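**Student:** Okay, here's the structure, questions in a sec.
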Protein chains: 4
Amino acid sequence: MINRGVHVLLRAEGREYFAVAGEGKLHTDLGIVDLEAVAGKGWGDAVTSHNGHAFTIIRPRAPDLFRHLKRTGAPMMPKDIGAIIAYTGLCPDDVVLDAGTGSGVLAAYLGTIARKVISYEASEAFAANARRNMERAGIGNVEVRCGDIVAAVGSAELSAEGPFDVVTLDLQDAAKVVPGAFLLLRPGGFLAAYSPFFEQATEVRSAVETEGFAEATTFVINEHELEVSKRGTRPSTRVGHTGFITIARK
Amino acid sequence: MINRGVHVLLRAEGREYFAVAGEGKLHTDLGIVDLEAVAGKGWGDAVTSHNGHAFTIIRPRAPDLFRHLKRTGAPMMPKDIGAIIAYTGLCPDDVVLDAGTGSGVLAAYLGTIARKVISYEASEAFAANARRNMERAGIGNVEVRCGDIVAAVGSAELSAEGPFDVVTLDLQDAAKVVPGAFLLLRPGGFLAAYSPFFEQATEVRSAVETEGFAEATTFVINEHELEVSKRGTRPSTRVGHTGFITIARK
Amino acid sequence: MINRGVHVLLRAEGREYFAVAGEGKLHTDLGIVDLEAVAGKGWGDAVTSHNGHAFTIIRPRAPDLFRHLKRTGAPMMPKDIGAIIAYTGLCPDDVVLDAGTGSGVLAAYLGTIARKVISYEASEAFAANARRNMERAGIGNVEVRCGDIVAAVGSAELSAEGPFDVVTLDLQDAAKVVPGAFLLLRPGGFLAAYSPFFEQATEVRSAVETEGFAEATTFVINEHELEVSKRGTRPSTRVGHTGFITIARK
Amino acid sequence: MINRGVHVLLRAEGREYFAVAGEGKLHTDLGIVDLEAVAGKGWGDAVTSHNGHAFTIIRPRAPDLFRHLKRTGAPMMPKDIGAIIAYTGLCPDDVVLDAGTGSGVLAAYLGTIARKVISYEASEAFAANARRNMERAGIGNVEVRCGDIVAAVGSAELSAEGPFDVVTLDLQDAAKVVPGAFLLLRPGGFLAAYSPFFEQATEVRSAVETEGFAEATTFVINEHELEVSKRGTRPSTRVGHTGFITIARK
C-alpha cells in the first residue's frame with residue numbers, strides 16, 4: 001500500500017509525471033489527478049483523472065530521475081553512469097563523495113544504491129536546484145553542499161566524514177581534487193572522474209599516476225542504438241561523444 | 001574489525017587473492033598467509049606472509065568478482081553490466097530474476113546491489129560452479145537454480161516469488177522467455193536481455209514488441225580504452241563487440 | 001594556362017563557386033566575377049569581382065564534387081567512397097558499372113579516377129540531375145543511363161560493354177543485381193555494394209555467397225572527427241551510421 | 001594478351017602468388033608453374049602447375065599490394081588509405097609527395113592512381129625494400145628516395161619538382177614537414193598526415209593551423225566488420241585503432 005508522502009510516477013498514454021501521494025492535485029495534459037486518491041493504492045494500480053484518463057501508479061526507478069529531474073546543464077548519460085557504477089562496484093554499504101553536482105542526476109543515481117552521498121556544487125543556484133530535485137524524487141540520502149570541493153577535499157571536516165568507498169568527480173578542476181580524494185578513500189576504494197575533453201582526461205590521469213593509486217584506466221563508452229523500423233534495422237545515427245571516464249583504485 | 005568468515009581480498013605487489021578470514025592458510029606466489037591473522041584486523045591493515053611480503057586487506061567490491069570468480073565461459077563485461085544496472089535502475093529493494101547464470105558474474109554483480117536474485121542455469125555443472133562462486137565471494141542473496149527457465153517462467157512457483165522488479169536474460173532462448181517475464185514483472189519494472197548475435201537481438205526485440213512493453217530500446221555499448229604510454233596516447237586497440245542489449249519496461 | 005570551357009573553383013573568404021572559364025558572369029555574395037577574365041590565367045592566380053573581392057582560381061578536385069553537386073537525396077559520404085576505392089583498388093584503366101546513380105556523387109568520384117563509368121538510375125528526374133552535375137563538374141567519362149539495372153545487367157548490350165573491372169551498387173535491389181554483376185565482372189574484379197540497412201546488407205552478402213565470388217567481406221566505416229577548440233579536444237558528436245559496405249571479388 | 005614482363009596474380013584454391021609473365025618458374029604449395037606459359041594468355045585464363053593444379057591468371061589490383069608487398073613494419077590499412085584518397089580527391093593527373101615510405105603500401109596505392117609519386121624514407125634498408133616492392137608490383141611511377149624529408153622539404157631541388165597536388169605524411173616528425181609542404185602544394189592541393197598517437201595528431205593539426213591552410217579536419221576511421229557465421233551475425237571483435245588522419249587544404 002502506498003502511503004502519503006511517497007513519490008510516485010503516474011503514467012498514461014505515453015506521458016509520465018512525478019508526484020507525491022496525498023499532496024494536492026496534479027494538472028496534466030490528460031486532466032487533473034487527485035493525488036489524495038493515490039494514497040492507499042498499490043503499485044501498478046490505476047487512478048483516473050477528472051476527465052477519465054486512467055494513470056498507472058508506478059514506483060519510480062533511477063532512469064526516471066534522468067528524465068524528470070530539472071536540468072541546469074547537460075546531465076551525465078546512463079551509459080556513463082552505468083560504467084561508473086560497475087567499475088567502482090557501487091553497493092548499498094557505500095559512502096560516496098561526489099562533485100560537482102550539477103543537476104544532480106549522477107548523485108541521485110548513486111543515492112538510489114549507496115548508503116550516503118555527499119555532493120559538492122560550486123554554484124548556489126545549481127545546488128538549490130539539485131536539492132529540489134532530490135526532494136521531488138524522494139531521495140533522502142544525498143546531501144548537496146554548496147562549496148569549493150578543491151578546498152573541502154583537504155579539510156578536517158570532510159576527513160572526519162570518511163573514509164569514502166567511492167569518489168566521483170565531474171568538474172573542470174577534477175585533477176586538483178585527486179590528491180585529496182586519494183587520502184579520503186578507503187584502501188580498495190575507487191575514484192571515478194568524468195572529463196568531456198581529452199586534455200582534462202589526461203590531466204586527471206596524470207594526477208592519478210602521481211598519487212600512487214594501485215591501478216587506473218581511462219576509457220570512453222559509446223552507445224549505438226539499433227534503430228528498428230519498417231524500412232529495416234540499422235545502427236542509430238544519434239550517437240555521440242560525451243566524456244572520458246577515468247577509474248582509479250586506491 | 002574483520003570477523004572470522006568474512007571474505008577479504010589480499011593485495012600485494014600487483015597480485016590479488018580472495019580468501020576468508022580465519023579459514024586456514026593461503027598459498028600465494030609471495031609466500032603463505034595465515035588467514036587466522038586476518039581476523040581481528042581492520043580494512044586496509046596489512047598481514048605478512050611467512051617470507052615477509054606485506055598484503056593489504058581489502059574489502060572486496062564487485063569488480064573483484066569479475067576478476068576472481070571461476071569462469072565456465074566468457075562472462076558479461078562490466079561495460080554491459082553497468083548499462084544493465086543503469087538502464088533498469090537496479091536498487092537495494094529489488095527482487096531480480098536472472099537466466100542463464102553461466103559463471104554467475106552478472107548474478108553476483110546484481111546480488112551486490114539488489115535484495116534478492118534468483119538465477120536459472122540449464123547446466124548442472126555451470127550451476128554448481130556458480131554456486132561455489134557465490135560462496136567464495138560471500139554473496140548470500142543470489143540463489144542459483146538448475147533448471148529450464150523457458151518452462152519455469154510460466155510456473156506457479158516462480159509466479160508466487162514475484163513480482164520481480166528486474167528480469168535479466170543472457171541465454172540463446174531469451175525471446176522464448178519474454179512473454180513469461182512480462183507477466184512476472186511489476187508494472188514499471190525492467191527486462192534486460194543480452195544477445196551476442198544480431199539475429200537473437202531482433203528476435204528478443206520482436207518478442208518485446210509483441211508483449212506490449214511500454215517502451216523498448218536495443219543498443220550496443222562499446223568501450224574504447226585510452227592507452228597512455230611513453231610513446232603517446234591513443235585509443236586502445238583491444239576493443240571489441242560483446243553483445244546487443246535490449247531494455248524493455250513494463 | 002586555363003582555357004575557355006575548363007571548370008574552375010573560385011574561392012574567396014570562405015566561399016566557393018564552381019564555374020566555367022570564359023562563360024559569362026558569375027553572381028556571388030562577394031560581387032560579380034567576369035568569367036572571361038578567368039580564361040588565360042593559371043591555377044592559383046586571382047581574379048577580382050566587380051566590387052574588389054579577390055577570388056583564387058582553384059583546380060576542382062573530387063571533394064569539391066561532394067560539396068557542389070546538386071543533390072536529389074543523401075549522397076554517399078567520402079569515408080564510404082574512399083573505402084570502396086581502396087578495397088576495389090580503383091585505377092585509371094578501369095571500366096566501372098555503377099547503379100543507382102542518385103545525385104551522382106559516387107559516379108563522379110569514380111569518374112575522376114577510372115577510364116569509363118556507366119551509371120544506371122531508375123528515375124528520369126534523378127538521371128537528368130546527375131547528367132547536369134557531370135556537365136557542371138566537367139566529368140566527361142561518366143555516362144548516366146536512365147533504366148532498370150536489374151533488367152539491364154542480364155542484357156547482351158551491357159555484356160558487350162564489359163568485362164567490367166568494378167561494379168558499384170547503391171540501390172534497394174542490390175541483391176538482385178549480384179548474379180548479373182558476377183557475369184559482367186572480369187576475374188579478379190570487384191563488386192562493392194552499399195546498404196543503409198542491415199537486412200539489405202545480409203541479402204547482398206547472401207547473394208554474393210551464392211554466386212561463388214572468391215572472397216567477400218561486409219563492414220561499416222565510422223568516422224570520428226577530432227573537435228579542436230579553445231575549450232579542449234574531443235571526439236566530435238557529429239558522427240553517425242551511413243551504410244554497410246559489402247566488397248566481393250570475382 | 002599478357003606480354004612477357006607483365007605482373008600477374010596467380011590464384012588457385014585460396015592461394016595467391018605475385019609473378020612476372022615469362023620469367024622462369026614459380027614454386028608454390030600447389031606445384032611448380034612455368035611462367036613462360038603465362039605469357040600469351042589472357043586475363044582470367046588458367047595455367048596449370050606441374051602436378052595439375054589450375055591457377056587463374058588475375059590482373060593485380062591495389063588490394064593485392066596490401067597483401068603481397070614485403071613489410072618492414074605495420075603498413076597503413078586500406079580503410080585509412082581510402083579516406084586519404086577520397087578526402088584529397090587523388091586523380092590520375094596528380095603529382096604526389098609522400099614520406100615516410102615504410103613498406104611502401106601507401107605509396108604503391110597512390111602510384112596506382114596518380115601520375116607520379118615521390119616518396120622519402122629515412123632508413124636505407126626500408127627504402128631498398130620499398131623499391132623492391134614497387135618492382136615486384138610493376139609500379140613504375142613511384143620513386144623511393146632515401147633521405148630526410150624535414151631537410152628535403154625546404155630544398156630547391158624538391159621545389160623544382162613541384163608544385164605537388166597532394167602531400168602524404170606518415171612519420172613521427174610530420175609536424176616539422178608541414179611548413180615546407182604548404183609551400184610545395186598547389187593552391188587547392190591537399191595535405192594528408194597520418195598519426196598513430198593523439199599527441200602527434202594535435203602537433204600536426206597545430207602546425208596546419210599556423211601555416212594558414214584554407215581548411216583542416218582531423219579524424220579517425222574505424223572499420224567494423226560484420227561477422228557472418230552459422231551461429232549468427234555480429235560486429236567483428238577484430239577492430240582497432242590505427243591512427244588519426246589530418247586533412248588540410250591549401
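Each chain in the C-alpha cells gets a letter, A, B and so on, in the order shown; residues start at 1 in every chain, and ligands are counted from 1 in the order they appear.
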Quick one: which residues from chain D are at most 12 Å off chain A, using only C-alpha atoms, as a list in words?
**Tutor:** Phe198, Glu199, Thr202, His224 and Pro235 of chain D
**Student:** Could you turn the residues from that selection into a file that holds N, CA, C and O atoms, as a PDB file, in the first residue's frame?
**Tutor:**
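Result file selection.pdb:
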```
ATOM      1  N   PHE D 198      47.719  10.480 -30.375  1.00  0.00           N
ATOM      2  CA  PHE D 198      46.987  11.713 -30.202  1.00  0.00           C
ATOM      3  C   PHE D 198      47.917  12.927 -30.193  1.00  0.00           C
ATOM      4  O   PHE D 198      47.632  13.946 -30.816  1.00  0.00           O
ATOM      5  N   GLU D 199      49.018  12.820 -29.494  1.00  0.00           N
ATOM      6  CA  GLU D 199      49.927  13.960 -29.364  1.00  0.00           C
ATOM      7  C   GLU D 199      50.482  14.389 -30.722  1.00  0.00           C
ATOM      8  O   GLU D 199      50.596  15.584 -31.009  1.00  0.00           O
ATOM      9  N   THR D 202      47.725  16.220 -32.689  1.00  0.00           N
ATOM     10  CA  THR D 202      47.488  17.617 -32.307  1.00  0.00           C
ATOM     11  C   THR D 202      48.671  18.502 -32.718  1.00  0.00           C
ATOM     12  O   THR D 202      48.478  19.664 -33.066  1.00  0.00           O
ATOM     13  N   HIS D 224      34.312  -1.660 -38.794  1.00  0.00           N
ATOM     14  CA  HIS D 224      33.718  -2.762 -38.035  1.00  0.00           C
ATOM     15  C   HIS D 224      33.216  -3.791 -39.030  1.00  0.00           C
ATOM     16  O   HIS D 224      32.241  -3.551 -39.742  1.00  0.00           O
ATOM     17  N   PRO D 235      28.885  -7.667 -35.170  1.00  0.00           N
ATOM     18  CA  PRO D 235      30.072  -6.880 -35.486  1.00  0.00           C
ATOM     19  C   PRO D 235      31.298  -7.677 -35.070  1.00  0.00           C
ATOM     20  O   PRO D 235      31.274  -8.374 -34.054  1.00  0.00           O
TER      21      PRO D 235
END
```
**Student:** Give the alpha helix (DSSP H) residues of segment 62-205 of chain D, as DSSP finds them on the backbone, and put them as a VMD selection string.
**Tutor:** chain D and resid 62 to 68 78 to 88 105 to 113 124 to 137 149 to 152 156 to 161 174 to 184 198 to 205
**Student:** Would you list the contacts of Glu203 of chain B as JSON, numbers by chain, taking every protein, DNA or RNA residue within 12 Å and counting only C-alpha atoms, but skipping same-chain residues closer than 3 positions in sequence?
**Tutor:** {"A": [228], "B": [172, 173, 174, 175, 176, 177, 178, 193, 194, 195, 197, 198, 199, 200, 206, 207, 208, 209, 210, 218, 244, 246], "D": [232]}
**Student:** Find the residues near His241 of chain B: any atom within 8 Å, counting only C-alpha atoms, skip ones fewer than 4 places away on the same chain, and give them as a list in words.
**Tutor:**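 The neighbour list is Asn222 of chain B; Arg234, Pro235, Ser236 and Thr237 of chain D.
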**Student:** Go ahead and dump the residues you just picked, N, CA and C atoms, as a PDB file, in the first residue's frame.
**Tutor:**
```
ATOM      1  N   ASN B 222      30.049   0.182 -26.605  1.00  0.00           N
ATOM      2  CA  ASN B 222      31.452  -0.017 -26.961  1.00  0.00           C
ATOM      3  C   ASN B 222      32.335   0.744 -25.988  1.00  0.00           C
TER       4      ASN B 222
ATOM      5  N   ARG D 234      27.253 -10.719 -36.267  1.00  0.00           N
ATOM      6  CA  ARG D 234      27.599  -9.733 -35.247  1.00  0.00           C
ATOM      7  C   ARG D 234      28.765  -8.880 -35.730  1.00  0.00           C
ATOM      8  N   PRO D 235      28.885  -7.667 -35.170  1.00  0.00           N
ATOM      9  CA  PRO D 235      30.072  -6.880 -35.486  1.00  0.00           C
ATOM     10  C   PRO D 235      31.298  -7.677 -35.070  1.00  0.00           C
ATOM     11  N   SER D 236      32.329  -7.622 -35.860  1.00  0.00           N
ATOM     12  CA  SER D 236      33.534  -8.381 -35.570  1.00  0.00           C
ATOM     13  C   SER D 236      34.181  -7.879 -34.295  1.00  0.00           C
ATOM     14  N   THR D 237      34.874  -8.762 -33.621  1.00  0.00           N
ATOM     15  CA  THR D 237      35.626  -8.347 -32.448  1.00  0.00           C
ATOM     16  C   THR D 237      37.042  -7.933 -32.822  1.00  0.00           C
TER      17      THR D 237
END
```
**Student:** Please report, as number ranges by chain, each residue of segment 43-79 of chain A to which DSSP assigns strand (DSSP E) when run on this structure's backbone.
**Tutor:** A: 46-48, 54-58
**Student:** Those same residues, written as a compact mmCIF listing (two decimals), in the first residue's frame with all heavy atoms?
**Tutor:**
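part14.txt, freshly written:
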```
# COMPACT_ATOMS: atom_id res chain seq x y z
N ALA A 46 -4.46 1.72 -10.85
CA ALA A 46 -4.75 2.89 -11.67
C ALA A 46 -5.47 3.95 -10.87
O ALA A 46 -6.13 3.66 -9.86
CB ALA A 46 -5.60 2.49 -12.88
N VAL A 47 -5.31 5.20 -11.29
CA VAL A 47 -6.05 6.32 -10.73
C VAL A 47 -6.55 7.12 -11.94
O VAL A 47 -5.87 7.17 -12.96
CB VAL A 47 -5.16 7.15 -9.77
CG1 VAL A 47 -4.02 7.81 -10.52
CG2 VAL A 47 -5.98 8.17 -9.02
N THR A 48 -7.74 7.68 -11.83
CA THR A 48 -8.36 8.29 -13.01
C THR A 48 -8.40 9.81 -12.87
O THR A 48 -8.71 10.34 -11.80
CB THR A 48 -9.79 7.74 -13.18
OG1 THR A 48 -9.71 6.32 -13.16
CG2 THR A 48 -10.39 8.19 -14.50
N ALA A 54 -7.03 7.06 -17.44
CA ALA A 54 -6.50 6.20 -16.39
C ALA A 54 -4.98 6.29 -16.34
O ALA A 54 -4.30 6.05 -17.34
CB ALA A 54 -6.94 4.76 -16.64
N PHE A 55 -4.44 6.62 -15.16
CA PHE A 55 -3.00 6.68 -14.95
C PHE A 55 -2.57 5.47 -14.11
O PHE A 55 -3.16 5.21 -13.07
CB PHE A 55 -2.62 7.96 -14.17
CG PHE A 55 -2.65 9.19 -15.00
CD1 PHE A 55 -3.86 9.81 -15.35
CD2 PHE A 55 -1.47 9.77 -15.46
CE1 PHE A 55 -3.88 10.97 -16.11
CE2 PHE A 55 -1.48 10.93 -16.24
CZ PHE A 55 -2.69 11.53 -16.56
N THR A 56 -1.54 4.76 -14.60
CA THR A 56 -0.97 3.68 -13.80
C THR A 56 0.01 4.28 -12.79
O THR A 56 0.79 5.17 -13.13
CB THR A 56 -0.22 2.67 -14.70
OG1 THR A 56 -1.11 2.28 -15.75
CG2 THR A 56 0.19 1.44 -13.91
N ILE A 57 -0.07 3.78 -11.54
CA ILE A 57 0.82 4.27 -10.50
C ILE A 57 2.07 3.40 -10.47
O ILE A 57 2.00 2.21 -10.16
CB ILE A 57 0.15 4.24 -9.12
CG1 ILE A 57 -1.23 4.93 -9.19
CG2 ILE A 57 1.04 4.92 -8.08
CD1 ILE A 57 -2.07 4.73 -7.93
N ILE A 58 3.18 4.00 -10.83
CA ILE A 58 4.44 3.27 -10.99
C ILE A 58 5.40 3.71 -9.90
O ILE A 58 5.48 4.89 -9.56
CB ILE A 58 5.07 3.58 -12.36
CG1 ILE A 58 4.11 3.22 -13.50
CG2 ILE A 58 6.42 2.90 -12.53
CD1 ILE A 58 3.96 1.76 -13.76
```
**Student:** Can you measure atom CA of Glu223 of chain B to atom CA of Arg67 of chain B for me? One decimal in Å is fine.
**Tutor:** 17.7 Å
**Student:** Which residues are close to segment 135-142 of chain B, i.e. within 6 Å by only C-alpha atoms, leaving aside same-chain residues fewer than 6 positions away? Reply as number ranges by chain.
**Tutor:** B: 7, 111, 116-118
**Student:** Write the residues of the preceding selection, restricted to C-alpha atoms, as a PDB file, in the first residue's frame.
**Tutor:**
```
ATOM      1  CA  HIS B   7      35.540 -12.548   2.657  1.00  0.00           C
ATOM      2  CA  GLY B 111      23.458  -9.504  -5.841  1.00  0.00           C
ATOM      3  CA  LYS B 116      17.398 -10.947  -3.797  1.00  0.00           C
ATOM      4  CA  VAL B 117      18.437 -12.586  -7.080  1.00  0.00           C
ATOM      5  CA  ILE B 118      17.048 -15.872  -8.387  1.00  0.00           C
TER       6      ILE B 118
END
```
**Student:** From the options C:Ala160, C:Ala122, C:Ala201, C:Ala74, which residue's atoms come nearest to Leu184 of chain C, counting only C-alpha atoms?
**Tutor:** C:Ala160
**Student:** When you look at segment 154-158 of chain C with a cut-off of 9 Å (counting only C-alpha atoms), what residues show up, excluding the ones that are within fewer than 2 positions of it in the same chain? I need them as a list in words.
**Tutor:**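 The filter keeps Ile149, Val150, Ala151, Ala152, Ala160, Glu161, Gly162, Val177, Pro179, Gly180, Ala181, Leu183 and Leu184 of chain C.
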**Student:** Save out the residues we just selected, N, CA, C and O atoms, as an mmCIF file, in the first residue's frame.
**Tutor:**
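again.cif was written with the following content:
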```cif
data_model
loop_
_atom_site.group_PDB
_atom_site.id
_atom_site.type_symbol
_atom_site.label_atom_id
_atom_site.label_comp_id
_atom_site.auth_asym_id
_atom_site.auth_seq_id
_atom_site.Cartn_x
_atom_site.Cartn_y
_atom_site.Cartn_z
ATOM 1 N N ILE C 149 18.427 -1.350 -63.767
ATOM 2 C CA ILE C 149 19.677 -2.115 -63.751
ATOM 3 C C ILE C 149 19.403 -3.617 -63.606
ATOM 4 O O ILE C 149 20.141 -4.439 -64.156
ATOM 5 N N VAL C 150 18.324 -3.987 -62.890
ATOM 6 C CA VAL C 150 18.034 -5.417 -62.702
ATOM 7 C C VAL C 150 17.812 -6.074 -64.058
ATOM 8 O O VAL C 150 18.281 -7.192 -64.307
ATOM 9 N N ALA C 151 17.130 -5.377 -64.960
ATOM 10 C CA ALA C 151 16.915 -5.904 -66.309
ATOM 11 C C ALA C 151 18.193 -5.777 -67.142
ATOM 12 O O ALA C 151 18.614 -6.716 -67.827
ATOM 13 N N ALA C 152 18.830 -4.620 -67.042
ATOM 14 C CA ALA C 152 19.987 -4.318 -67.896
ATOM 15 C C ALA C 152 21.169 -5.248 -67.642
ATOM 16 O O ALA C 152 21.911 -5.593 -68.564
ATOM 17 N N ALA C 160 28.193 -6.699 -73.798
ATOM 18 C CA ALA C 160 29.117 -6.303 -74.869
ATOM 19 C C ALA C 160 30.026 -5.159 -74.431
ATOM 20 O O ALA C 160 31.117 -4.969 -74.966
ATOM 21 N N GLU C 161 29.581 -4.401 -73.441
ATOM 22 C CA GLU C 161 30.387 -3.261 -72.973
ATOM 23 C C GLU C 161 31.395 -3.684 -71.913
ATOM 24 O O GLU C 161 32.238 -2.893 -71.514
ATOM 25 N N GLY C 162 31.282 -4.909 -71.439
ATOM 26 C CA GLY C 162 32.185 -5.406 -70.417
ATOM 27 C C GLY C 162 33.384 -6.052 -71.038
ATOM 28 O O GLY C 162 33.596 -5.885 -72.235
ATOM 29 N N VAL C 177 20.869 -7.677 -58.351
ATOM 30 C CA VAL C 177 21.824 -7.325 -59.403
ATOM 31 C C VAL C 177 23.081 -8.185 -59.311
ATOM 32 O O VAL C 177 23.840 -8.327 -60.272
ATOM 33 N N PRO C 179 23.846 -11.494 -59.253
ATOM 34 C CA PRO C 179 24.174 -12.577 -60.201
ATOM 35 C C PRO C 179 24.638 -12.042 -61.558
ATOM 36 O O PRO C 179 25.641 -12.517 -62.110
ATOM 37 N N GLY C 180 23.928 -11.050 -62.081
ATOM 38 C CA GLY C 180 24.334 -10.470 -63.357
ATOM 39 C C GLY C 180 25.663 -9.759 -63.257
ATOM 40 O O GLY C 180 26.494 -9.821 -64.179
ATOM 41 N N ALA C 181 25.891 -9.092 -62.135
ATOM 42 C CA ALA C 181 27.153 -8.374 -61.937
ATOM 43 C C ALA C 181 28.330 -9.345 -61.946
ATOM 44 O O ALA C 181 29.392 -9.052 -62.501
ATOM 45 N N LEU C 183 28.631 -12.059 -63.640
ATOM 46 C CA LEU C 183 28.943 -12.432 -65.023
ATOM 47 C C LEU C 183 29.668 -11.307 -65.769
ATOM 48 O O LEU C 183 30.522 -11.564 -66.611
ATOM 49 N N LEU C 184 29.320 -10.070 -65.437
ATOM 50 C CA LEU C 184 29.908 -8.928 -66.138
ATOM 51 C C LEU C 184 31.324 -8.589 -65.667
ATOM 52 O O LEU C 184 32.055 -7.890 -66.347
#
```
**Student:** Give me, as a count of residues only, all polymer residues having an atom no more than 7 Å from Leu97 of chain C, counting only C-alpha atoms and skipping those fewer than 3 positions away in the same chain.
**Tutor:** 7
**Student:** For atom CA of Asp165 of chain A and atom CA of Leu110 of chain A, determine how far apart the two atoms are, in Å to one decimal place.
**Tutor:** 12.0 Å
**Student:** Separation of atom CA of Trp43 of chain B and atom CA of Met134 of chain B, in Å?
**Tutor:**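 According to the coordinates, atom CA of Trp43 of chain B and atom CA of Met134 of chain B are separated by 21.2 Å.
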**Student:** Give the answer as one residue: which of B:Asp29, B:Asp64, B:Asp80, B:Glu215 has the shortest atom-to-atom distance to His50 of chain B, using only C-alpha atoms?
**Tutor:**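 Counting only C-alpha atoms, the residue closest to His50 of chain B is B:Asp29.
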